[in-house]
file structure.cif (mmCIF, C-alpha atoms (C1' of nucleotides))
data_work
#
loop_
_atom_site.label_atom_id
_atom_site.label_comp_id
_atom_site.auth_asym_id
_atom_site.auth_seq_id
_atom_site.Cartn_x
_atom_site.Cartn_y
_atom_site.Cartn_z
CA MET X 168 -4.61 26.43 78.78
CA LYS X 169 -3.69 29.23 81.15
CA ILE X 170 -3.51 32.81 80.07
CA GLU X 171 0.25 33.12 80.50
CA SER X 172 0.82 30.02 78.44
CA ALA X 173 -1.49 31.38 75.77
CA ALA X 174 0.41 34.67 75.74
CA ASP X 175 3.69 32.81 75.33
CA THR X 176 2.33 30.77 72.46
CA LEU X 177 0.92 33.86 70.77
CA SER X 178 4.28 35.53 71.27
CA ALA X 179 5.98 32.80 69.30
CA LEU X 180 3.61 33.37 66.39
CA ALA X 181 3.79 37.15 66.65
CA HIS X 182 6.65 37.45 64.21
CA GLY X 183 6.41 37.55 60.44
CA GLY X 184 9.24 35.10 59.92
CA ARG X 185 8.08 32.60 62.50
CA LEU X 186 4.48 32.79 61.35
CA ALA X 187 5.69 32.02 57.83
CA ILE X 188 7.64 29.05 59.13
CA PHE X 189 4.63 27.71 60.97
CA ARG X 190 2.37 28.07 57.93
CA LEU X 191 4.92 26.22 55.86
CA LEU X 192 5.07 23.37 58.36
CA VAL X 193 1.30 23.17 58.58
CA LYS X 194 1.14 22.88 54.82
CA ALA X 195 3.89 20.26 54.86
CA GLY X 196 1.82 18.11 57.21
CA PRO X 197 3.20 15.16 59.20
CA ALA X 198 6.08 14.67 56.75
CA GLY X 199 7.54 17.97 57.87
CA LEU X 200 10.52 19.85 56.45
CA ALA X 201 14.24 19.93 57.15
CA ALA X 202 15.62 23.05 58.79
CA GLY X 203 17.76 23.79 55.75
CA ASP X 204 14.83 23.45 53.37
CA ILE X 205 12.81 25.91 55.41
CA ALA X 206 15.73 28.32 55.46
CA ARG X 207 16.09 28.13 51.70
CA LYS X 208 12.38 28.50 51.03
CA LEU X 209 12.12 31.55 53.24
CA ASP X 210 15.50 32.98 52.22
CA THR X 211 16.86 33.05 55.75
CA GLN X 212 20.29 32.25 57.10
CA PRO X 213 20.72 28.90 58.86
CA ASN X 214 21.55 30.29 62.27
CA THR X 215 18.72 32.79 62.16
CA MET X 216 16.38 29.98 61.18
CA SER X 217 17.66 27.88 64.06
CA ALA X 218 16.84 30.64 66.50
CA GLN X 219 13.35 31.04 65.09
CA LEU X 220 12.71 27.30 65.13
CA LEU X 221 13.84 27.19 68.74
CA VAL X 222 11.28 29.80 69.74
CA LEU X 223 8.48 27.91 68.03
CA SER X 224 9.72 24.69 69.57
CA ASN X 225 9.84 26.13 73.09
CA ALA X 226 6.29 27.32 72.62
CA GLY X 227 5.30 23.77 71.75
CA LEU X 228 4.07 24.72 68.31
CA ILE X 229 6.51 22.51 66.42
CA ARG X 230 8.42 19.31 67.01
CA ALA X 231 11.85 18.18 65.86
CA ARG X 232 13.20 14.78 64.92
CA ARG X 233 16.55 13.86 63.50
CA ASP X 234 16.80 12.13 60.14
CA GLY X 235 20.39 11.53 59.15
CA ARG X 236 22.17 14.85 59.03
CA SER X 237 18.95 16.76 58.78
CA ILE X 238 16.54 17.73 61.48
CA ILE X 239 12.95 17.52 60.42
CA TYR X 240 10.41 19.88 61.89
CA THR X 241 6.69 19.30 62.00
CA ALA X 242 3.79 21.41 63.19
CA ASP X 243 2.18 20.34 66.45
CA PHE X 244 -1.49 20.35 65.58
CA ASP X 245 -2.62 19.59 69.11
CA ARG X 246 -0.88 22.63 70.51
CA MET X 247 -2.31 24.91 67.85
CA GLY X 248 -5.72 23.43 68.52
CA GLU X 249 -5.38 24.25 72.21
CA LEU X 250 -4.49 27.83 71.44
CA LEU X 251 -7.43 28.25 69.10
CA GLN X 252 -9.71 26.71 71.68
CA PHE X 253 -8.47 29.15 74.27
CA LEU X 254 -9.11 32.09 71.97
CA THR X 255 -12.54 30.92 70.91
CA LYS X 256 -13.64 29.80 74.33
CA ASP X 257 -12.72 33.27 75.45
CA CYS X 258 -14.96 34.75 72.82
CA CYS X 259 -17.83 32.36 73.04
CA GLY X 260 -18.12 32.82 76.77
CA GLY X 261 -19.52 36.25 76.09
CA ARG X 262 -21.13 36.69 72.73
CA PRO X 263 -21.32 34.55 69.63
CA GLU X 264 -20.52 37.44 67.27
CA ILE X 265 -16.94 36.36 66.80
CA CYS X 266 -17.74 32.74 66.31
CA ALA X 267 -20.33 33.18 63.60
CA PRO X 268 -17.86 33.85 60.78
CA LEU X 269 -15.37 31.47 62.32
CA ALA X 270 -17.93 28.71 62.45
CA GLN X 271 -18.45 29.15 58.73
CA THR X 272 -14.77 28.71 58.03
CA VAL X 273 -14.32 25.78 60.34
CA ASN X 274 -17.42 23.98 59.18
CA ALA X 275 -16.45 24.48 55.58
CA CYS X 276 -13.28 22.56 56.35
CA CYS X 277 -14.50 20.14 58.99
CA PRO X 278 -18.24 19.65 58.65
CA PRO X 279 -19.78 18.14 61.80
CA LYS X 280 -20.65 14.57 60.95
CA LYS X 281 -21.56 13.26 64.35
CA ARG X 282 -23.33 14.98 67.18
CA ARG X 283 -22.49 14.06 70.73
CA ALA X 284 -23.77 15.52 73.97
CA MET H 227 -5.67 39.37 56.02
CA LYS H 228 -2.01 39.48 55.07
CA ILE H 229 0.65 37.68 57.05
CA GLU H 230 2.33 40.83 58.34
CA SER H 231 -0.97 42.19 59.53
CA ALA H 232 -1.70 38.90 61.24
CA ALA H 233 1.69 38.98 62.95
CA ASP H 234 1.02 42.51 64.20
CA THR H 235 -2.36 41.51 65.56
CA LEU H 236 -0.91 38.46 67.26
CA SER H 237 1.81 40.65 68.68
CA ALA H 238 -0.78 42.84 70.37
CA LEU H 239 -2.29 39.79 72.05
CA ALA H 240 1.07 38.25 72.91
CA HIS H 241 1.26 39.88 76.33
CA GLY H 242 -0.34 38.64 79.52
CA GLY H 243 -1.68 42.03 80.48
CA ARG H 244 -3.08 42.88 77.09
CA LEU H 245 -4.61 39.45 76.65
CA ALA H 246 -6.34 39.90 80.00
CA ILE H 247 -7.65 43.28 78.88
CA PHE H 248 -9.00 41.83 75.68
CA ARG H 249 -10.71 38.96 77.47
CA LEU H 250 -12.31 41.41 79.84
CA LEU H 251 -13.62 43.52 76.97
CA VAL H 252 -14.94 40.50 75.15
CA LYS H 253 -16.83 39.49 78.27
CA ALA H 254 -18.12 43.04 78.69
CA GLY H 255 -19.63 42.91 75.22
CA PRO H 256 -20.83 45.96 73.27
CA ALA H 257 -21.32 47.97 76.47
CA GLY H 258 -17.58 48.00 76.99
CA LEU H 259 -15.61 49.26 79.95
CA ALA H 260 -13.99 52.57 80.93
CA ALA H 261 -10.19 52.72 80.91
CA GLY H 262 -10.14 53.37 84.65
CA ASP H 263 -12.40 50.45 85.40
CA ILE H 264 -10.15 48.13 83.44
CA ALA H 265 -7.10 49.49 85.26
CA ARG H 266 -8.72 48.88 88.64
CA LYS H 267 -9.93 45.40 87.75
CA LEU H 268 -6.51 44.34 86.54
CA ASP H 269 -4.62 46.26 89.21
CA THR H 270 -2.61 48.31 86.73
CA GLN H 271 -1.57 51.95 86.77
CA PRO H 272 -3.53 54.32 84.55
CA ASN H 273 -0.65 55.29 82.29
CA THR H 274 0.48 51.71 81.86
CA MET H 275 -3.08 50.78 81.01
CA SER H 276 -3.24 53.59 78.49
CA ALA H 277 -0.17 52.26 76.74
CA GLN H 278 -1.58 48.75 76.63
CA LEU H 279 -4.92 49.96 75.32
CA LEU H 280 -3.13 51.91 72.63
CA VAL H 281 -1.35 48.81 71.39
CA LEU H 282 -4.60 46.86 71.20
CA SER H 283 -6.26 49.82 69.52
CA ASN H 284 -3.53 50.17 66.90
CA ALA H 285 -3.90 46.49 66.14
CA GLY H 286 -7.60 47.08 65.53
CA LEU H 287 -8.64 44.68 68.27
CA ILE H 288 -10.50 47.26 70.35
CA ARG H 289 -12.32 50.53 69.78
CA ALA H 290 -12.61 53.66 71.90
CA ARG H 291 -15.43 56.12 72.41
CA ARG H 292 -15.71 59.00 74.82
CA ASP H 293 -18.50 59.12 77.37
CA GLY H 294 -18.20 62.16 79.58
CA ARG H 295 -14.86 62.09 81.32
CA SER H 296 -14.41 58.42 80.67
CA ILE H 297 -13.25 56.68 77.56
CA ILE H 298 -15.09 53.45 76.91
CA TYR H 299 -13.31 50.59 75.21
CA THR H 300 -15.00 47.74 73.39
CA ALA H 301 -13.68 44.61 71.71
CA ASP H 302 -13.75 44.62 67.92
CA PHE H 303 -15.31 41.27 67.16
CA ASP H 304 -14.84 41.60 63.43
CA ARG H 305 -11.12 42.03 63.75
CA MET H 306 -10.78 39.07 66.07
CA GLY H 307 -12.86 37.03 63.65
CA GLU H 308 -10.51 37.93 60.81
CA LEU H 309 -7.52 36.83 62.81
CA LEU H 310 -9.10 33.52 63.74
CA GLN H 311 -10.09 32.97 60.13
CA PHE H 312 -6.53 33.60 59.05
CA LEU H 313 -5.20 31.10 61.56
CA THR H 314 -7.78 28.44 60.76
CA LYS H 315 -7.67 28.93 57.01
CA ASP H 316 -3.96 28.41 57.36
CA CYS H 317 -4.54 25.12 59.10
CA CYS H 318 -7.44 23.85 57.09
CA GLY H 319 -5.56 24.39 53.84
CA GLY H 320 -3.39 21.47 54.78
CA ARG H 321 -4.95 18.97 57.13
CA PRO H 322 -8.11 18.93 59.22
CA GLU H 323 -6.33 17.69 62.35
CA ILE H 324 -6.30 21.11 63.96
CA CYS H 325 -9.85 21.95 63.08
CA ALA H 326 -11.42 18.84 64.49
CA PRO H 327 -11.17 19.86 68.16
CA LEU H 328 -11.77 23.48 67.23
CA ALA H 329 -14.93 22.58 65.36
CA GLN H 330 -16.22 20.96 68.54
CA THR H 331 -15.67 24.11 70.54
CA VAL H 332 -17.10 26.44 67.96
CA ASN H 333 -20.11 24.30 67.25
CA ALA H 334 -20.81 23.96 70.93
CA CYS H 335 -21.10 27.71 71.05
CA CYS H 336 -22.50 28.47 67.62
CA PRO H 337 -24.30 25.39 66.33
CA PRO H 338 -24.88 25.57 62.57
CA LYS H 339 -28.59 26.20 62.19
CA LYS H 340 -28.74 26.94 58.50
CA ARG H 341 -26.73 25.47 55.74
CA ARG H 342 -25.92 27.65 52.78
CA ALA H 343 -23.75 26.91 49.78
"C1'" DA V 20 -12.38 80.84 85.99
"C1'" DC V 21 -11.27 77.19 89.16
"C1'" DA V 22 -10.90 72.73 91.11
"C1'" DA V 23 -11.68 67.81 90.68
"C1'" DC V 24 -11.64 63.90 87.86
"C1'" DT V 25 -10.36 60.83 83.85
"C1'" DA V 26 -7.24 59.61 80.72
"C1'" DT V 27 -3.36 60.33 77.74
"C1'" DT V 28 1.29 61.76 76.30
"C1'" DC V 29 6.16 62.48 77.09
"C1'" DA V 30 10.84 61.27 78.57
"C1'" DC V 31 13.69 57.94 80.37
"C1'" DG V 32 15.81 53.72 82.17
"C1'" DT V 33 15.69 48.88 81.90
"C1'" DA V 34 14.90 44.62 79.85
"C1'" DT V 35 14.05 41.65 76.20
"C1'" DC V 36 14.25 40.37 71.36
"C1'" DA V 37 16.35 39.67 66.63
"C1'" DT V 38 20.08 38.96 63.68
"C1'" DT V 39 24.72 37.77 62.45
"C1'" DG V 40 29.79 35.94 62.19
"C1'" DA V 41 32.40 32.56 64.23
"C1'" DA V 42 32.92 28.37 66.51
"C1'" DT V 43 30.93 23.83 67.80
"C1'" DT V 44 28.33 19.36 67.62
"C1'" DA V 45 26.45 15.50 65.03
"C1'" DT V 46 26.23 12.54 60.94
"C1'" DT V 47 27.60 10.46 56.72
"C1'" DT V 48 31.03 9.13 53.33
"C1'" DG V 49 35.63 7.99 51.55
"C1'" DC K 76 40.44 9.19 60.89
"C1'" DA K 77 39.63 13.14 57.78
"C1'" DA K 78 36.56 15.78 54.89
"C1'" DA K 79 32.02 17.30 53.79
"C1'" DT K 80 27.38 18.33 55.09
"C1'" DA K 81 23.55 19.92 58.29
"C1'" DA K 82 22.30 22.31 62.05
"C1'" DT K 83 23.04 24.44 66.43
"C1'" DT K 84 25.26 27.27 70.00
"C1'" DC K 85 27.89 31.23 71.46
"C1'" DA K 86 29.01 36.15 71.82
"C1'" DA K 87 28.02 40.61 70.53
"C1'" DT K 88 25.44 44.29 68.54
"C1'" DG K 89 21.47 47.03 67.38
"C1'" DA K 90 16.63 47.49 67.73
"C1'" DT K 91 12.32 47.18 70.04
"C1'" DA K 92 9.24 46.71 73.93
"C1'" DC K 93 7.73 47.61 78.85
"C1'" DG K 94 6.62 50.23 82.81
"C1'" DT K 95 6.73 54.50 85.38
"C1'" DG K 96 6.96 59.52 87.22
"C1'" DA K 97 5.79 63.87 85.66
"C1'" DA K 98 3.37 66.81 82.83
"C1'" DT K 99 -0.58 67.65 79.72
"C1'" DA K 100 -5.39 67.59 77.61
"C1'" DG K 101 -10.42 67.01 77.93
"C1'" DT K 102 -14.80 67.07 80.80
"C1'" DT K 103 -17.87 68.20 84.58
"C1'" DG K 104 -19.68 70.94 88.25
"C1'" DT K 105 -19.48 75.12 91.17
#
call {"tool": "encode", "arguments": {"input": "structure.cif", "output": "structure tokens"}}
result
Amino acid sequence: MKIESAADTLSALAHGGRLAIFRLLVKAGPAGLAAGDIARKLDTQPNTMSAQLLVLSNAGLIRARRDGRSIIYTADFDRMGELLQFLTKDCCGGRPEICAPLAQTVNACCPPKKRRA
Amino acid sequence: MKIESAADTLSALAHGGRLAIFRLLVKAGPAGLAAGDIARKLDTQPNTMSAQLLVLSNAGLIRARRDGRSIIYTADFDRMGELLQFLTKDCCGGRPEICAPLAQTVNACCPPKKRRA
DNA sequence: ACAACTATTCACGTATCATTGAATTATTTG
DNA sequence: CAAATAATTCAATGATACGTGAATAGTTGT
């Protein structure tokens, strides 16, 4: 991931409302949530929500699919993974100080089962 | 870290120039770099650089100390670690899909030597 | 004190972003 | 086809962010 792309992706998340949306979609998992449901949960107007979803979508952080009248949004885990890799690669290139606490968190969630060179 | 604080921190990084500054400071490590040196390396005017450094500083991502006529900036690893923990905790709470590739990166840099409960 | 150097602060114009009411598109149901 | 539902797009407004020239503050050496 290039630096400008990373900045754009960070920009999409750099907004209280959009960050809340993304968290919600991550929690929802692959099933996702309809735009209207998200709007109701976060107490936001439909058109405002649409605009926020569009920003996240353009950044590649979420995906949309139609289901009847509703449009279901899901978090794009790959994209988020790329961003986190960019940020951590950046840090690890220099010193491991940042990664130490992060490694704890990550390994608590995803303990390394296999080891590959 | 609260969501609004996380959004503010992301906002500071959501800018090509500022992200480049932060990367540079992370690479520089605890020794840091003078404001003028950063400005020259990134081909930016001194006052513009000052403004960008202020934003990163207000977000807690970098620290400043005076050394003679120069002001030396260093990356705040703790703060960055908090942000990454917020983002990964967010993801791990739901599904491990995001963390899997991230765990690879982190463990490549900071392999878990000890295991503690 | 003075000049040189480093960096910041201030004021200002421009550009971009965020939100909203109104109108529009798409889908389902009667 | 018409009505109801779900979501988006459009147009406009207010707010915020960005970069820069000019002026200011702190430090060093003479």
call {"tool": "resolve_selection", "arguments": {"input": "structure.cif", "expression": "the PyMOL selection byres ((chain K) within 8 of (chain X))", "output": "VMD selection string"}}
result
chain K and resid 80 to 83
call {"tool": "atom_distance", "arguments": {"input": "structure.cif", "atom1": "CA of Leu186 (chain X)", "atom2": "CA of Leu223 (chain X)"}}
result
9.2 Å
call {"tool": "residues_around", "arguments": {"input": "structure.cif", "residues": "DA98 (chain K)", "least_positions_apart": "3", "cutoff": "12 Å", "atoms": "all atoms listed in the file", "output": "JSON, numbers by chain"}}
result
{"V": [27, 28, 29, 30]}
call {"tool": "closest_residue", "arguments": {"input": "structure.cif", "among": "H:Asp263, H:Arg292, H:Gln271, H:Ala285", "to": "DG101 (chain K)", "atoms": "only C-alpha atoms (C1' of nucleotides)"}}
result
H:Arg292
call {"tool": "atom_distance", "arguments": {"input": "structure.cif", "atom1": "CA of Val281 (chain H)", "atom2": "CA of Leu310 (chain H)"}}
result
18.8 Å
call {"tool": "resolve_selection", "arguments": {"input": "structure.cif", "expression": "the PyMOL selection byres ((chain K and resi 85) around 10)", "output": "list in words"}}
result
DA41, DA42 and DT43 of chain V; DT83, DT84, DA86 and DA87 of chain K
call {"tool": "resolve_selection", "arguments": {"input": "structure.cif", "expression": "the PyMOL selection byres ((chain X and resi 246) around 12)", "output": "PyMOL selection string"}}
result
(chain X and resi 168+172-173+176-177+223-230+241-245+247-253) or (chain H and resi 323-325+327-328)
call {"tool": "atom_distance", "arguments": {"input": "structure.cif", "atom1": "C1' of DT105 (chain K)", "atom2": "CA of Arg266 (chain H)"}}
result
28.5 Å
call {"tool": "residues_around", "arguments": {"input": "structure.cif", "residues": "Asn333 (chain H)", "least_positions_apart": "6", "cutoff": "10 Å", "atoms": "all atoms listed in the file", "output": "ChimeraX atom specification"}}
result
/X:266-267,269-271,273-274,278-279,282
call {"tool": "closest_atom_pairs", "arguments": {"input": "structure.cif", "of": "chain V", "to": "chain H", "cutoff": "8 Å", "atoms": "only C-alpha atoms (C1' of nucleotides)", "output": "Markdown table"}}
result
| residue | atom | partner | partner_atom | distance |
| --- | --- | --- | --- | --- |
| V:DC24 | C1' | H:Arg295 | CA | 7.5 |
| V:DT25 | C1' | H:Arg295 | CA | 5.3 |
| V:DA26 | C1' | H:Ser296 | CA | 7.3 |
| V:DT27 | C1' | H:Ser276 | CA | 6.8 |
call {"tool": "residues_around", "arguments": {"input": "structure.cif", "residues": "Gly242 (chain H)", "least_positions_apart": "2", "cutoff": "9 Å", "atoms": "all atoms listed in the file", "output": "ChimeraX atom specification"}}
result
/X:170-175 /H:239-240,244-247
call {"tool": "write_last_selection", "arguments": {"input": "structure.cif", "atoms": "C-alpha atoms", "output": "PDB file, keeping the file's coordinate frame"}}
result
ATOM      1  CA  ILE X 170      -3.510  32.810  80.070  1.00  0.00           C
ATOM      2  CA  GLU X 171       0.250  33.120  80.500  1.00  0.00           C
ATOM      3  CA  SER X 172       0.820  30.020  78.440  1.00  0.00           C
ATOM      4  CA  ALA X 173      -1.490  31.380  75.770  1.00  0.00           C
ATOM      5  CA  ALA X 174       0.410  34.670  75.740  1.00  0.00           C
ATOM      6  CA  ASP X 175       3.690  32.810  75.330  1.00  0.00           C
TER       7      ASP X 175
ATOM      8  CA  LEU H 239      -2.290  39.790  72.050  1.00  0.00           C
ATOM      9  CA  ALA H 240       1.070  38.250  72.910  1.00  0.00           C
ATOM     10  CA  ARG H 244      -3.080  42.880  77.090  1.00  0.00           C
ATOM     11  CA  LEU H 245      -4.610  39.450  76.650  1.00  0.00           C
ATOM     12  CA  ALA H 246      -6.340  39.900  80.000  1.00  0.00           C
ATOM     13  CA  ILE H 247      -7.650  43.280  78.880  1.00  0.00           C
TER      14      ILE H 247
END
call {"tool": "residues_around", "arguments": {"input": "structure.cif", "residues": "Ala257 (chain H)", "least_positions_apart": "2", "cutoff": "10 Å", "atoms": "all atoms listed in the file", "output": "list in words"}}
result
Leu251, Val252, Lys253, Ala254, Gly255, Leu259, Ala260, Ile298, Tyr299, Thr300 and Ala301 of chain H
call {"tool": "residues_around", "arguments": {"input": "structure.cif", "residues": "DA78 (chain K)", "least_positions_apart": "4", "cutoff": "12 Å", "atoms": "only C-alpha atoms (C1' of nucleotides)", "output": "list in words"}}
result
DT47, DT48 and DG49 of chain V
call {"tool": "closest_atom_pairs", "arguments": {"input": "structure.cif", "of": "chain V", "to": "region 89-97 of chain K", "cutoff": "12 Å", "atoms": "only C-alpha atoms (C1' of nucleotides)", "output": "CSV"}}
result
residue,atom,partner,partner_atom,distance
V:DT28,C1',K:DA97,C1',10.6
V:DC29,C1',K:DA97,C1',8.7
V:DA30,C1',K:DA97,C1',9.1
V:DC31,C1',K:DT95,C1',9.2
V:DG32,C1',K:DT95,C1',9.7
V:DT33,C1',K:DC93,C1',8.6
V:DA34,C1',K:DC93,C1',7.8
V:DT35,C1',K:DA92,C1',7.3
V:DC36,C1',K:DT91,C1',7.2
V:DA37,C1',K:DA90,C1',7.9
V:DT38,C1',K:DG89,C1',9.0
V:DT39,C1',K:DG89,C1',11.0
call {"tool": "write_last_selection", "arguments": {"input": "structure.cif", "atoms": "C-alpha atoms (C1' of nucleotides)", "output": "PDB file, keeping the file's coordinate frame"}}
result
ATOM      1  C1'  DT V  28       1.290  61.760  76.300  1.00  0.00           C
ATOM      2  C1'  DC V  29       6.160  62.480  77.090  1.00  0.00           C
ATOM      3  C1'  DA V  30      10.840  61.270  78.570  1.00  0.00           C
ATOM      4  C1'  DC V  31      13.690  57.940  80.370  1.00  0.00           C
ATOM      5  C1'  DG V  32      15.810  53.720  82.170  1.00  0.00           C
ATOM      6  C1'  DT V  33      15.690  48.880  81.900  1.00  0.00           C
ATOM      7  C1'  DA V  34      14.900  44.620  79.850  1.00  0.00           C
ATOM      8  C1'  DT V  35      14.050  41.650  76.200  1.00  0.00           C
ATOM      9  C1'  DC V  36      14.250  40.370  71.360  1.00  0.00           C
ATOM     10  C1'  DA V  37      16.350  39.670  66.630  1.00  0.00           C
ATOM     11  C1'  DT V  38      20.080  38.960  63.680  1.00  0.00           C
ATOM     12  C1'  DT V  39      24.720  37.770  62.450  1.00  0.00           C
TER      13       DT V  39
END
